[in-house]
file coords.txt (compact mmCIF, C-alpha atoms)
# COMPACT_ATOMS: atom_id res chain seq x y z
CA MET L 1493 0.00 0.00 0.00
CA LYS L 1494 2.78 2.38 0.95
CA ARG L 1495 4.60 1.62 -2.28
CA VAL L 1496 1.59 2.59 -4.46
CA LEU L 1497 1.27 5.88 -2.63
CA PHE L 1498 4.96 6.65 -3.18
CA ILE L 1499 4.70 6.10 -6.95
CA ARG L 1500 1.66 8.29 -7.14
CA THR L 1501 3.46 11.12 -5.32
CA ARG L 1502 6.45 10.93 -7.67
CA ASN L 1503 4.26 10.91 -10.78
CA SER L 1504 2.29 13.93 -9.65
CA ALA L 1505 5.51 15.89 -8.99
CA ARG L 1506 6.83 15.03 -12.43
CA ARG L 1507 3.56 16.13 -14.03
CA GLN L 1508 3.69 19.42 -12.12
CA MET L 1509 7.28 20.13 -13.31
CA ALA L 1510 6.33 19.32 -16.93
CA SER L 1511 3.39 21.73 -16.82
CA ILE L 1512 5.76 24.54 -15.72
CA LEU L 1513 8.57 23.73 -18.15
CA ARG L 1514 6.43 23.18 -21.29
CA PRO L 1515 5.39 26.84 -21.77
CA VAL L 1516 8.90 28.08 -20.91
CA LEU L 1517 10.39 25.76 -23.54
CA TRP L 1518 7.76 26.81 -26.11
CA VAL L 1519 8.49 30.52 -25.57
CA SER L 1520 12.29 29.93 -25.85
CA VAL L 1521 11.97 28.02 -29.16
CA GLU L 1522 9.65 30.65 -30.61
CA LEU L 1523 12.03 33.45 -29.60
CA TRP L 1524 14.99 31.50 -31.06
CA LYS L 1525 13.11 31.16 -34.39
CA ARG L 1526 11.89 34.75 -34.64
CA VAL L 1527 14.77 36.79 -33.22
CA ILE L 1528 17.84 34.94 -34.53
CA PRO L 1529 18.24 34.70 -38.31
CA ARG L 1530 18.68 31.24 -39.81
CA PHE L 1531 22.39 31.73 -40.64
CA PHE L 1532 23.27 32.70 -37.06
CA ARG L 1533 21.19 29.81 -35.71
CA VAL L 1534 23.37 27.36 -37.66
CA ALA L 1535 26.54 29.19 -36.61
CA LEU L 1536 25.52 29.14 -32.93
CA LEU L 1537 24.69 25.45 -33.06
CA PHE L 1538 28.04 24.77 -34.70
CA PHE L 1539 29.83 26.81 -32.02
CA ALA L 1540 28.00 24.92 -29.25
CA LEU L 1541 29.04 21.65 -30.88
CA LEU L 1542 32.69 22.81 -30.97
CA LEU L 1543 32.53 23.66 -27.26
CA VAL L 1544 31.34 20.13 -26.49
CA ILE L 1545 34.11 18.54 -28.59
CA PHE L 1546 36.96 20.86 -27.44
CA PRO L 1547 36.12 22.13 -23.95
CA VAL L 1548 37.64 25.50 -23.01
CA SER L 1549 38.81 24.37 -19.57
CA PRO L 1550 41.96 22.22 -19.61
CA ARG L 1551 41.60 18.56 -18.89
CA ALA L 1552 42.13 17.66 -15.24
CA GLU L 1553 45.75 16.81 -14.55
CA GLY L 1554 47.09 14.83 -11.55
CA LYS L 1555 49.17 16.84 -9.07
CA GLU L 1556 51.49 13.87 -8.67
CA ALA L 1557 55.12 14.81 -7.98
CA THR L 1558 57.93 12.58 -9.20
CA VAL L 1559 61.01 12.18 -7.06
CA LEU L 1560 63.99 10.15 -8.26
CA LEU L 1561 66.75 9.06 -5.91
CA LEU L 1562 69.97 7.34 -6.92
CA HIS L 1563 71.55 5.40 -4.09
CA THR L 1564 74.91 3.77 -3.39
CA ASN L 1565 76.24 2.01 -0.31
CA ASN L 1566 79.41 0.12 0.64
CA VAL L 1567 81.40 1.49 -2.29
CA THR L 1568 84.41 0.95 0.03
CA GLY L 1569 86.92 2.86 -2.05
CA HIS L 1570 86.20 1.24 -5.41
CA PHE L 1571 86.69 3.53 -8.39
CA TYR L 1572 85.40 0.94 -10.81
CA PRO L 1573 82.61 -1.57 -10.21
CA CYS L 1574 83.96 -4.80 -8.78
CA PRO L 1575 83.94 -7.35 -11.65
CA THR L 1576 82.69 -10.10 -9.32
CA MET N 640 74.08 9.20 -13.83
CA GLU N 641 74.55 11.75 -16.56
CA LYS N 642 72.16 9.77 -18.78
CA VAL N 643 69.46 9.80 -16.09
CA ARG N 644 70.06 13.51 -15.43
CA ASN N 645 69.73 14.29 -19.14
CA GLU N 646 66.47 12.37 -19.32
CA ARG N 647 64.86 13.69 -16.19
CA HIS N 648 66.90 16.67 -15.01
CA LEU N 649 65.79 16.30 -11.39
CA ILE N 650 67.49 13.60 -9.35
CA LEU N 651 68.94 13.34 -5.88
CA VAL N 652 72.16 11.33 -5.49
CA VAL N 653 72.78 9.86 -2.04
CA ASP N 654 75.17 7.44 -0.34
CA SER N 655 74.53 5.46 2.85
CA GLY N 656 78.11 5.27 4.04
CA ASP N 657 81.30 3.15 3.88
CA LEU N 658 82.15 5.11 0.76
CA PHE N 659 85.85 5.84 1.10
CA PHE N 660 87.80 2.92 2.57
CA ASP N 661 87.71 -0.84 2.31
CA HIS N 662 87.95 -3.49 5.01
CA LEU N 663 91.72 -3.77 4.77
CA VAL N 664 92.34 -1.50 7.73
CA ASN N 665 96.10 -2.08 7.51
CA MET N 666 96.41 -0.86 3.93
CA ASN N 667 98.84 1.94 3.04
CA PRO N 668 97.18 5.04 4.58
CA GLU N 669 98.71 7.43 2.07
CA ARG N 670 97.34 5.50 -0.89
CA ALA N 671 93.97 5.00 0.85
CA LEU N 672 93.60 8.72 1.49
CA LYS N 673 94.62 9.57 -2.08
CA LYS N 674 91.88 7.29 -3.40
CA ALA N 675 89.37 8.59 -0.85
CA ARG N 676 90.00 12.20 -1.87
CA LEU N 677 89.31 11.28 -5.49
CA ILE N 678 86.07 9.56 -4.52
CA GLY N 679 84.99 12.62 -2.55
CA ARG N 680 85.79 14.79 -5.57
CA ALA N 681 83.79 12.47 -7.86
CA TYR N 682 80.74 12.61 -5.55
CA ARG N 683 80.98 16.39 -5.49
CA ARG N 684 81.11 16.36 -9.29
CA MET N 685 77.96 14.18 -9.26
CA ASP N 686 76.42 16.88 -7.07
CA ALA N 687 75.55 14.40 -4.32
CA SER N 688 72.71 15.59 -2.09
CA ALA N 689 73.70 13.70 1.06
CA VAL N 690 76.48 11.31 2.08
CA ASN N 691 76.11 9.45 5.37
CA VAL N 692 79.17 8.65 7.48
CA GLY N 693 79.68 4.89 7.79
CA ASP N 694 81.92 3.17 10.34
CA LEU N 695 84.53 2.31 7.69
CA ASP N 696 84.73 5.99 6.72
CA LEU N 697 86.32 6.65 10.12
CA VAL N 698 89.27 4.24 9.83
CA GLN N 699 91.64 6.98 8.59
CA GLY N 700 90.42 9.55 11.12
CA VAL N 701 87.57 12.04 11.27
CA ASP N 702 89.87 14.88 10.15
CA PHE N 703 89.78 13.53 6.59
CA LEU N 704 85.95 13.71 6.68
CA ARG N 705 86.04 17.23 8.13
CA SER N 706 88.28 18.28 5.24
CA GLU N 707 85.89 16.71 2.68
CA PHE N 708 82.96 18.47 4.34
CA SER N 709 84.75 21.82 4.22
CA GLN N 710 85.27 21.29 0.46
CA GLY N 711 81.53 20.90 -0.08
CA LEU N 712 80.80 17.19 0.31
CA PRO N 713 77.38 17.06 2.08
CA LEU N 714 78.31 14.65 4.87
CA ILE N 715 75.61 13.96 7.45
CA SER N 716 75.40 12.01 10.71
CA ALA N 717 72.92 12.30 13.55
CA ASN N 718 74.90 10.18 16.01
CA LEU N 719 78.57 11.04 15.36
CA LEU N 720 79.31 13.57 18.07
CA ASP N 721 82.13 15.75 19.27
CA PRO N 722 83.03 14.27 22.71
CA LEU N 723 83.56 17.69 24.29
CA SER N 724 80.52 19.60 23.07
CA LYS N 725 78.34 16.45 22.68
CA SER N 726 76.96 17.99 19.51
CA PRO N 727 77.00 16.40 16.02
CA ILE N 728 80.24 16.90 14.05
CA PHE N 729 78.30 17.04 10.75
CA PRO N 730 74.69 18.15 10.20
CA PRO N 731 72.33 15.41 11.47
CA PHE N 732 70.14 15.93 8.40
CA VAL N 733 69.77 17.88 5.16
CA ILE N 734 66.58 18.91 3.38
CA ARG N 735 66.50 19.02 -0.42
CA GLU N 736 63.61 20.33 -2.47
CA ILE N 737 62.65 18.49 -5.63
CA SER N 738 59.42 18.68 -7.68
CA GLY N 739 57.92 20.84 -4.93
CA MET N 740 58.63 18.16 -2.30
CA ARG N 741 60.84 18.72 0.72
CA VAL N 742 62.90 15.56 1.14
CA ALA N 743 64.85 15.16 4.39
CA PHE N 744 67.85 12.85 4.63
CA LEU N 745 69.20 11.90 8.03
CA GLY N 746 72.19 9.70 8.68
CA LEU N 747 73.09 7.08 11.30
CA LEU N 748 76.10 4.82 11.90
CA PRO N 749 76.53 1.80 14.20
CA PRO N 750 77.98 2.23 17.71
CA GLU N 751 80.03 -0.97 17.36
CA SER N 752 81.77 -2.60 14.41
CA ALA N 753 83.76 -5.76 13.81
CA PRO N 754 86.68 -5.97 16.35
CA ALA N 755 89.45 -5.12 13.83
CA ILE N 756 87.49 -2.15 12.43
CA SER N 757 86.53 -0.89 15.91
CA ALA N 758 90.20 -1.00 16.94
CA ALA N 759 91.22 0.95 13.81
CA ILE N 760 88.48 3.55 14.43
CA ARG N 761 89.57 3.99 18.07
CA LYS N 762 93.23 4.33 17.07
CA ALA N 763 92.53 6.92 14.36
CA ASN N 764 90.04 8.99 16.39
CA GLU N 765 91.38 8.98 19.98
CA GLY N 766 89.32 11.56 21.90
CA LYS N 767 87.89 13.01 18.70
CA ILE N 768 84.56 11.23 18.29
CA LEU N 769 81.67 9.85 20.30
CA ILE N 770 79.06 7.59 18.71
CA ARG N 771 75.64 7.99 20.29
CA ASP N 772 72.92 5.32 20.40
CA PRO N 773 71.37 5.42 16.90
CA VAL N 774 67.75 4.93 18.03
CA GLU N 775 67.95 7.80 20.53
CA ALA N 776 69.70 10.09 18.04
CA GLY N 777 67.27 9.12 15.25
CA ARG N 778 64.21 9.80 17.41
CA GLU N 779 65.55 13.21 18.48
CA THR N 780 66.36 14.17 14.87
CA LEU N 781 62.88 13.12 13.69
CA GLN N 782 61.38 15.41 16.34
CA LYS N 783 63.49 18.31 15.03
CA LEU N 784 62.38 17.51 11.49
CA ARG N 785 58.67 17.66 12.30
CA GLY N 786 56.89 20.06 9.97
CA GLN N 787 60.04 20.80 7.97
CA ALA N 788 59.87 17.95 5.43
CA ASP N 789 57.31 16.09 3.33
CA LEU N 790 59.39 12.94 3.01
CA VAL N 791 61.94 11.46 5.39
CA VAL N 792 64.68 9.15 4.14
CA LEU N 793 67.15 7.56 6.53
CA LEU N 794 70.62 6.91 5.10
CA SER N 795 71.76 4.13 7.35
CA ASP N 796 75.01 2.27 7.90
CA LEU N 797 73.47 0.27 10.74
CA GLY N 798 72.79 -2.98 8.92
CA LEU N 799 69.47 -4.68 8.30
CA SER N 800 68.69 -5.92 11.83
CA ARG N 801 69.29 -2.47 13.38
CA ASP N 802 67.39 -0.82 10.51
CA GLN N 803 64.41 -3.02 11.40
CA ILE N 804 64.61 -1.86 15.03
CA VAL N 805 64.79 1.80 13.96
CA ALA N 806 61.86 1.39 11.54
CA GLY N 807 59.80 -0.33 14.24
CA THR N 808 60.51 2.17 16.99
CA ILE N 809 60.80 5.56 15.25
CA PRO N 810 57.66 6.58 13.37
CA GLY N 811 57.82 9.07 10.53
CA ILE N 812 60.53 7.52 8.34
CA HIS N 813 59.33 6.70 4.81
CA PHE N 814 62.39 4.90 3.40
CA ILE N 815 65.57 3.45 4.85
CA LEU N 816 68.34 3.33 2.28
CA GLY N 817 70.68 1.07 4.14
CA GLY N 818 74.13 -0.43 3.92
CA HIS N 819 76.90 -1.80 6.16
CA GLU N 820 76.47 -5.36 4.88
CA GLY N 821 76.04 -4.38 1.22
CA ARG N 822 73.04 -6.60 0.53
CA LEU N 823 71.48 -6.89 -2.88
CA VAL N 824 67.85 -6.04 -2.13
CA VAL N 825 65.65 -6.61 -5.16
CA HIS N 826 62.35 -6.44 -3.30
CA PRO N 827 62.15 -3.90 -0.44
CA THR N 828 60.54 -5.02 2.81
CA LEU N 829 58.12 -3.00 4.89
CA GLN N 830 58.90 -2.60 8.60
CA GLY N 831 56.81 -0.29 10.76
CA GLY N 832 55.96 2.43 8.29
CA ALA N 833 59.27 2.35 6.39
CA TYR N 834 60.51 0.45 3.37
CA LEU N 835 64.02 -1.00 3.70
CA MET N 836 66.44 -1.38 0.81
CA GLN N 837 70.17 -1.71 0.07
CA SER N 838 72.09 -1.43 -3.20
CA SER N 839 74.72 -4.19 -3.05
CA ALA N 840 78.39 -3.21 -2.61
CA ARG N 841 81.69 -2.17 -4.21
CA GLY N 842 80.03 0.07 -6.78
CA MET N 843 78.44 -2.84 -8.59
CA TYR N 844 74.92 -1.38 -8.60
CA VAL N 845 73.10 1.89 -8.21
CA GLY N 846 69.74 1.73 -6.49
CA LYS N 847 67.07 3.70 -8.31
CA LEU N 848 64.10 4.78 -6.23
CA GLN N 849 61.34 6.49 -8.13
CA LEU N 850 58.49 8.00 -6.14
CA ALA N 851 55.15 9.12 -7.54
CA VAL N 852 53.82 11.28 -4.72
CA ASP N 853 50.16 12.22 -4.86
CA ASN N 854 50.04 13.40 -1.27
CA PRO N 855 52.88 12.72 1.20
CA VAL N 856 50.33 11.96 3.91
CA PHE N 857 49.19 8.82 2.04
CA PRO N 858 51.14 5.61 2.67
CA PHE N 859 53.59 4.36 0.04
CA GLU N 860 53.12 1.12 -1.84
CA ASP N 861 55.54 -0.85 -3.97
CA LYS N 862 54.51 -0.72 -7.61
CA GLU N 863 55.63 -4.33 -7.89
CA LYS N 864 54.14 -5.45 -4.60
CA GLY N 865 52.47 -8.56 -6.08
CA GLU N 866 55.68 -9.69 -7.74
CA SER N 867 57.64 -9.06 -4.55
CA ILE N 868 55.25 -11.21 -2.48
CA GLN N 869 55.40 -14.00 -5.03
CA ALA N 870 59.21 -13.94 -4.94
CA GLN N 871 59.11 -14.17 -1.13
CA MET N 872 56.68 -17.09 -1.39
CA ARG N 873 59.01 -18.91 -3.79
CA ASN N 874 61.83 -18.49 -1.24
CA ILE N 875 59.61 -19.85 1.54
CA GLU N 876 58.61 -22.83 -0.63
CA ARG N 877 62.30 -23.61 -1.25
CA ASN N 878 63.00 -23.48 2.50
CA LEU N 879 60.00 -25.70 3.20
CA GLN N 880 61.12 -28.27 0.66
CA ALA N 881 64.59 -28.36 2.19
CA LEU N 882 63.15 -28.80 5.70
CA ARG N 883 60.72 -31.53 4.58
CA GLY N 884 63.61 -33.41 2.97
CA GLN N 885 65.59 -33.06 6.21
CA ARG N 886 62.60 -34.32 8.24
CA GLU N 887 62.33 -37.43 6.07
CA ARG N 888 65.98 -38.23 6.67
CA GLN N 889 66.13 -37.29 10.35
CA PRO N 890 62.87 -36.23 12.04
CA SER N 891 63.14 -33.83 14.97
CA LYS N 892 60.98 -31.39 16.93
CA GLU N 893 63.11 -28.43 15.80
CA ILE N 894 62.49 -29.23 12.14
CA ASP N 895 58.73 -29.58 12.79
CA HIS N 896 58.77 -26.21 14.54
CA GLY N 897 60.68 -24.68 11.62
CA ILE N 898 58.16 -26.06 9.10
CA GLU N 899 55.31 -24.67 11.21
CA LEU N 900 56.91 -21.20 11.27
CA TRP N 901 57.52 -21.14 7.51
CA ASN N 902 53.94 -22.31 6.90
CA GLN N 903 52.65 -19.45 9.08
CA ARG N 904 54.72 -16.98 7.06
CA LYS N 905 53.42 -18.48 3.84
CA GLU N 906 49.81 -18.09 5.01
CA LYS N 907 50.41 -14.44 5.94
CA LEU N 908 51.93 -13.75 2.53
CA GLN N 909 48.99 -15.47 0.80
CA GLU N 910 46.63 -13.15 2.68
CA LYS N 911 48.78 -10.17 1.67
CA LEU N 912 48.73 -11.29 -1.95
CA ALA N 913 44.95 -11.62 -1.89
CA SER N 914 44.53 -8.14 -0.39
CA SER N 915 47.01 -6.58 -2.86
CA SER N 916 45.09 -7.92 -5.86
CA SER N 917 41.78 -6.48 -4.64
CA GLU N 918 41.13 -2.75 -5.13
CA SER N 919 41.76 -0.80 -1.94
CA PRO N 920 39.76 2.36 -1.19
CA ILE N 921 42.79 3.82 0.69
CA LYS N 922 44.69 6.35 -1.39
CA LYS N 923 48.37 5.57 -1.87
CA ASN N 924 51.61 6.89 -3.30
CA LEU N 925 53.52 4.47 -5.48
CA PHE N 926 57.25 3.78 -5.55
CA ASP N 927 59.41 1.79 -7.90
CA TRP N 928 62.73 0.32 -6.75
CA SER N 929 65.28 -1.14 -9.12
CA LEU N 930 68.98 -1.96 -9.07
CA VAL N 931 70.92 -0.74 -12.07
CA PRO N 932 74.13 -2.76 -12.67
CA LEU N 933 77.16 -0.58 -13.37
CA GLU N 934 78.58 -2.76 -16.09
CA MET N 935 82.03 -2.25 -17.57
CA PRO N 936 80.82 -1.15 -21.04
CA LEU N 937 79.15 1.93 -19.48
CA PRO N 938 81.08 5.05 -20.52
CA GLU N 939 83.33 6.55 -17.85
CA ASP N 940 83.22 10.24 -17.02
CA GLU N 941 86.21 11.65 -18.91
CA GLU N 942 86.99 14.26 -16.26
CA VAL N 943 87.02 11.73 -13.40
CA GLN N 944 89.01 9.32 -15.58
CA ARG N 945 91.60 12.07 -16.06
CA TRP N 946 91.84 12.70 -12.30
CA ILE N 947 92.41 8.98 -11.69
CA GLY N 948 95.10 8.93 -14.38
CA GLU N 949 96.82 12.00 -12.90
CA ALA N 950 96.76 10.44 -9.42
CA ARG N 951 98.33 7.32 -10.94
CA ILE N 952 95.77 5.06 -9.33
CA ASN N 953 94.43 2.95 -12.16
CA VAL N 954 93.88 -0.24 -10.24
CA ASP N 955 91.45 -0.77 -7.39
call {"tool": "encode", "arguments": {"input": "coords.txt", "output": "structure tokens"}}
result
Amino acid sequence: MKRVLFIRTRNSARRQMASILRPVLWVSVELWKRVIPRFFRVALLFFALLLVIFPVSPRAEGKEATVLLLHTNNVTGHFYPCPT
Amino acid sequence: MEKVRNERHLILVVDSGDLFFDHLVNMNPERALKKARLIGRAYRRMDASAVNVGDLDLVQGVDFLRSEFSQGLPLISANLLDPLSKSPIFPPFVIREISGMRVAFLGLLPPESAPAISAAIRKANEGKILIRDPVEAGRETLQKLRGQADLVVLLSDLGLSRDQIVAGTIPGIHFILGGHEGRLVVHPTLQGGAYLMQSSARGMYVGKLQLAVDNPVFPFEDKEKGESIQAQMRNIERNLQALRGQRERQPSKEIDHGIELWNQRKEKLQEKLASSSSESPIKKNLFDWSLVPLEMPLPEDEEVQRWIGEARINVD
């Protein structure tokens, strides 16, 4: 019983959101068609597509630092490596 | 070294001690010092970041080391003291900055050596040196280092067993680059919070430790941890086989006990291997340790070669 009620609540919220968004979306599309000439519409869409493919912000890079140590021990006075 | 420098530009060259003199404490002192001076000059040319004082480095007297230090060789030792002032003769540690990381190197040497070496050290340094307990000196130096460094590396001439004690009792050390015995350590071991390694002896190898540090607060993990555990397990299996063979020939309680201990170690390693293969949510820094053999075909530094020729010391 509880489960049915929950679904109903979610559906009603979704319906409410859609009823608000639908007129907003309709007005935006109409404005887009009337105000912006066809050529600029294509150019803007192309520009938006370029932004998606090549984002302006640089790709995230790791802050990893590399440290390299070279170590010797017990050289004991040898100029050249011991052949053994 | 030049090749690595040309590839990467940023490296730190360090030595754990027993650099200048060999075990033949009765060798001609004049010749020994001549060779030692050349080695000091070569390490300065390599722009060494830190050189720890080992017990063998004292067999011709601390005055030689003081002279090398005054010429720019970065000698360090946290437990080699002046007997009068009770303060360290050389800096107990140095801090070098690389890739935005502050790396601290501290140095320790053993309070006792083999009888012949101890006698030679005493004879050459009468009233000039005092060697403090390494654990005490190490702990005190670590306290002084707090907040000053991102990474702490101990250059040790204590030997593996003492290194294990230091790693187990002094927290805050990330790596122990050891020596004294000159072991060839292919797979570093973890003790306390520190990884222990050595780079063989007599200039046969250079140890290469590469660190990829995401955040110094995270623990370090061997890039080849799985391979290292498997190598340890192969060693244990060989020991077990030998003990089983011995038990078949001559059974005894000691052998049974030995087999039990090795089996326990094997089980622990199996658990480790299982946990290393599963993804851990704990963030880690990775390190890669390798030993680079200094083979004869490698080109010699012409300048150093010339110095050796001029000193007329062409044979080791």
call {"tool": "residues_around", "arguments": {"input": "coords.txt", "residues": "stretch 830-843 of chain N", "least_positions_apart": "2", "cutoff": "7 Å", "atoms": "all atoms listed in the file", "output": "PyMOL selection string"}}
result
(chain L and resi 1563-1568+1570+1572-1574) or (chain N and resi 803+806-807+810+812-818+821-824+827-828+845-846+930+932-933)
call {"tool": "atom_distance", "arguments": {"input": "coords.txt", "atom1": "atom CA of N:Gly711", "atom2": "atom CA of N:Arg683"}}
result
7.1 Å
call {"tool": "atom_distance", "arguments": {"input": "coords.txt", "atom1": "atom CA of N:Val943", "atom2": "atom CA of N:Arg644"}}
result
17.2 Å
call {"tool": "closest_residue", "arguments": {"input": "coords.txt", "among": "N:Gln782, N:Asn854, N:Asn718, N:Gln787", "to": "N:Arg741", "atoms": "all atoms listed in the file"}}
result
N:Gln787
call {"tool": "closest_atom_pairs", "arguments": {"input": "coords.txt", "of": "chain N", "to": "chain L", "cutoff": "8 Å", "atoms": "only C-alpha atoms", "output": "Markdown table"}}
result
| residue | atom | partner | partner_atom | distance |
| --- | --- | --- | --- | --- |
| N:Leu649 | CA | L:Leu1560 | CA | 7.1 |
| N:Ile650 | CA | L:Leu1560 | CA | 5.0 |
| N:Leu651 | CA | L:Leu1561 | CA | 4.8 |
| N:Val652 | CA | L:Leu1562 | CA | 4.8 |
| N:Val653 | CA | L:His1563 | CA | 5.1 |
| N:Asp654 | CA | L:Thr1564 | CA | 4.8 |
| N:Ser655 | CA | L:Asn1565 | CA | 5.0 |
| N:Gly656 | CA | L:Asn1565 | CA | 5.7 |
| N:Asp657 | CA | L:Asn1566 | CA | 4.8 |
| N:Leu658 | CA | L:Thr1568 | CA | 4.8 |
| N:Phe659 | CA | L:Gly1569 | CA | 4.5 |
| N:Phe660 | CA | L:Thr1568 | CA | 4.7 |
| N:Asp661 | CA | L:Thr1568 | CA | 4.4 |
| N:His662 | CA | L:Thr1568 | CA | 7.6 |
| N:Ala671 | CA | L:Gly1569 | CA | 7.9 |
| N:Lys674 | CA | L:Gly1569 | CA | 6.8 |
| N:Ala675 | CA | L:Gly1569 | CA | 6.3 |
| N:Ile678 | CA | L:Gly1569 | CA | 7.2 |
| N:Leu695 | CA | L:Thr1568 | CA | 7.8 |
| N:Ile737 | CA | L:Val1559 | CA | 6.7 |
| N:Ser738 | CA | L:Ala1557 | CA | 5.8 |
| N:Gly739 | CA | L:Ala1557 | CA | 7.3 |
| N:Met740 | CA | L:Ala1557 | CA | 7.5 |
| N:Leu816 | CA | L:His1563 | CA | 7.4 |
| N:Gly817 | CA | L:Asn1565 | CA | 7.2 |
| N:Gly818 | CA | L:Asn1565 | CA | 5.3 |
| N:His819 | CA | L:Asn1566 | CA | 6.4 |
| N:Glu820 | CA | L:Asn1566 | CA | 7.5 |
| N:Gly821 | CA | L:Asn1566 | CA | 5.7 |
| N:Gln837 | CA | L:Asn1565 | CA | 7.1 |
| N:Ser838 | CA | L:Thr1564 | CA | 5.9 |
| N:Ser839 | CA | L:Asn1565 | CA | 6.9 |
| N:Ala840 | CA | L:Asn1566 | CA | 4.8 |
| N:Arg841 | CA | L:Val1567 | CA | 4.1 |
| N:Gly842 | CA | L:Pro1573 | CA | 4.6 |
| N:Met843 | CA | L:Pro1573 | CA | 4.7 |
| N:Tyr844 | CA | L:Thr1564 | CA | 7.3 |
| N:Val845 | CA | L:Thr1564 | CA | 5.5 |
| N:Gly846 | CA | L:His1563 | CA | 4.7 |
| N:Lys847 | CA | L:Leu1562 | CA | 4.9 |
| N:Leu848 | CA | L:Leu1561 | CA | 5.0 |
| N:Gln849 | CA | L:Leu1560 | CA | 4.5 |
| N:Leu850 | CA | L:Val1559 | CA | 5.0 |
| N:Ala851 | CA | L:Thr1558 | CA | 4.7 |
| N:Val852 | CA | L:Ala1557 | CA | 5.0 |
| N:Asp853 | CA | L:Glu1556 | CA | 4.4 |
| N:Asn854 | CA | L:Glu1556 | CA | 7.6 |
| N:Leu933 | CA | L:Pro1573 | CA | 6.4 |
| N:Glu934 | CA | L:Pro1573 | CA | 7.2 |
| N:Met935 | CA | L:Pro1573 | CA | 7.4 |
| N:Asp955 | CA | L:His1570 | CA | 6.0 |
call {"tool": "residues_around", "arguments": {"input": "coords.txt", "residues": "N:Leu697", "least_positions_apart": "6", "cutoff": "10 Å", "atoms": "only C-alpha atoms", "output": "list in words"}}
result
Asp657, Phe659, Phe660, Phe703, Leu704, Ile756, Ser757, Ala759, Ile760, Arg761, Ala763, Asn764 and Ile768 of chain N
call {"tool": "atom_distance", "arguments": {"input": "coords.txt", "atom1": "atom CA of N:Lys905", "atom2": "atom CA of N:Asn924"}}
result
26.4 Å
call {"tool": "residues_around", "arguments": {"input": "coords.txt", "residues": "N:Asp895", "least_positions_apart": "2", "cutoff": "12 Å", "atoms": "all atoms listed in the file", "output": "list of chain:residue names"}}
result
N:Leu879, N:Leu882, N:Arg883, N:Gly884, N:Gln885, N:Arg886, N:Glu887, N:Gln889, N:Pro890, N:Ser891, N:Lys892, N:Glu893, N:Gly897, N:Ile898, N:Glu899, N:Leu900, N:Trp901, N:Asn902
call {"tool": "residues_around", "arguments": {"input": "coords.txt", "residues": "N:Leu748", "least_positions_apart": "4", "cutoff": "7 Å", "atoms": "all atoms listed in the file", "output": "PyMOL selection string"}}
result
chain N and resi 692-694+718+773+795-797
call {"tool": "axis_aligned_box", "arguments": {"input": "coords.txt", "around": "stretch 884-891 of chain N", "padding_each_side": "3 Å", "output": "JSON"}}
result
{"center_x": 64.2, "center_y": -35.6, "center_z": 9.0, "size_x": 9.8, "size_y": 11.2, "size_z": 18.0}
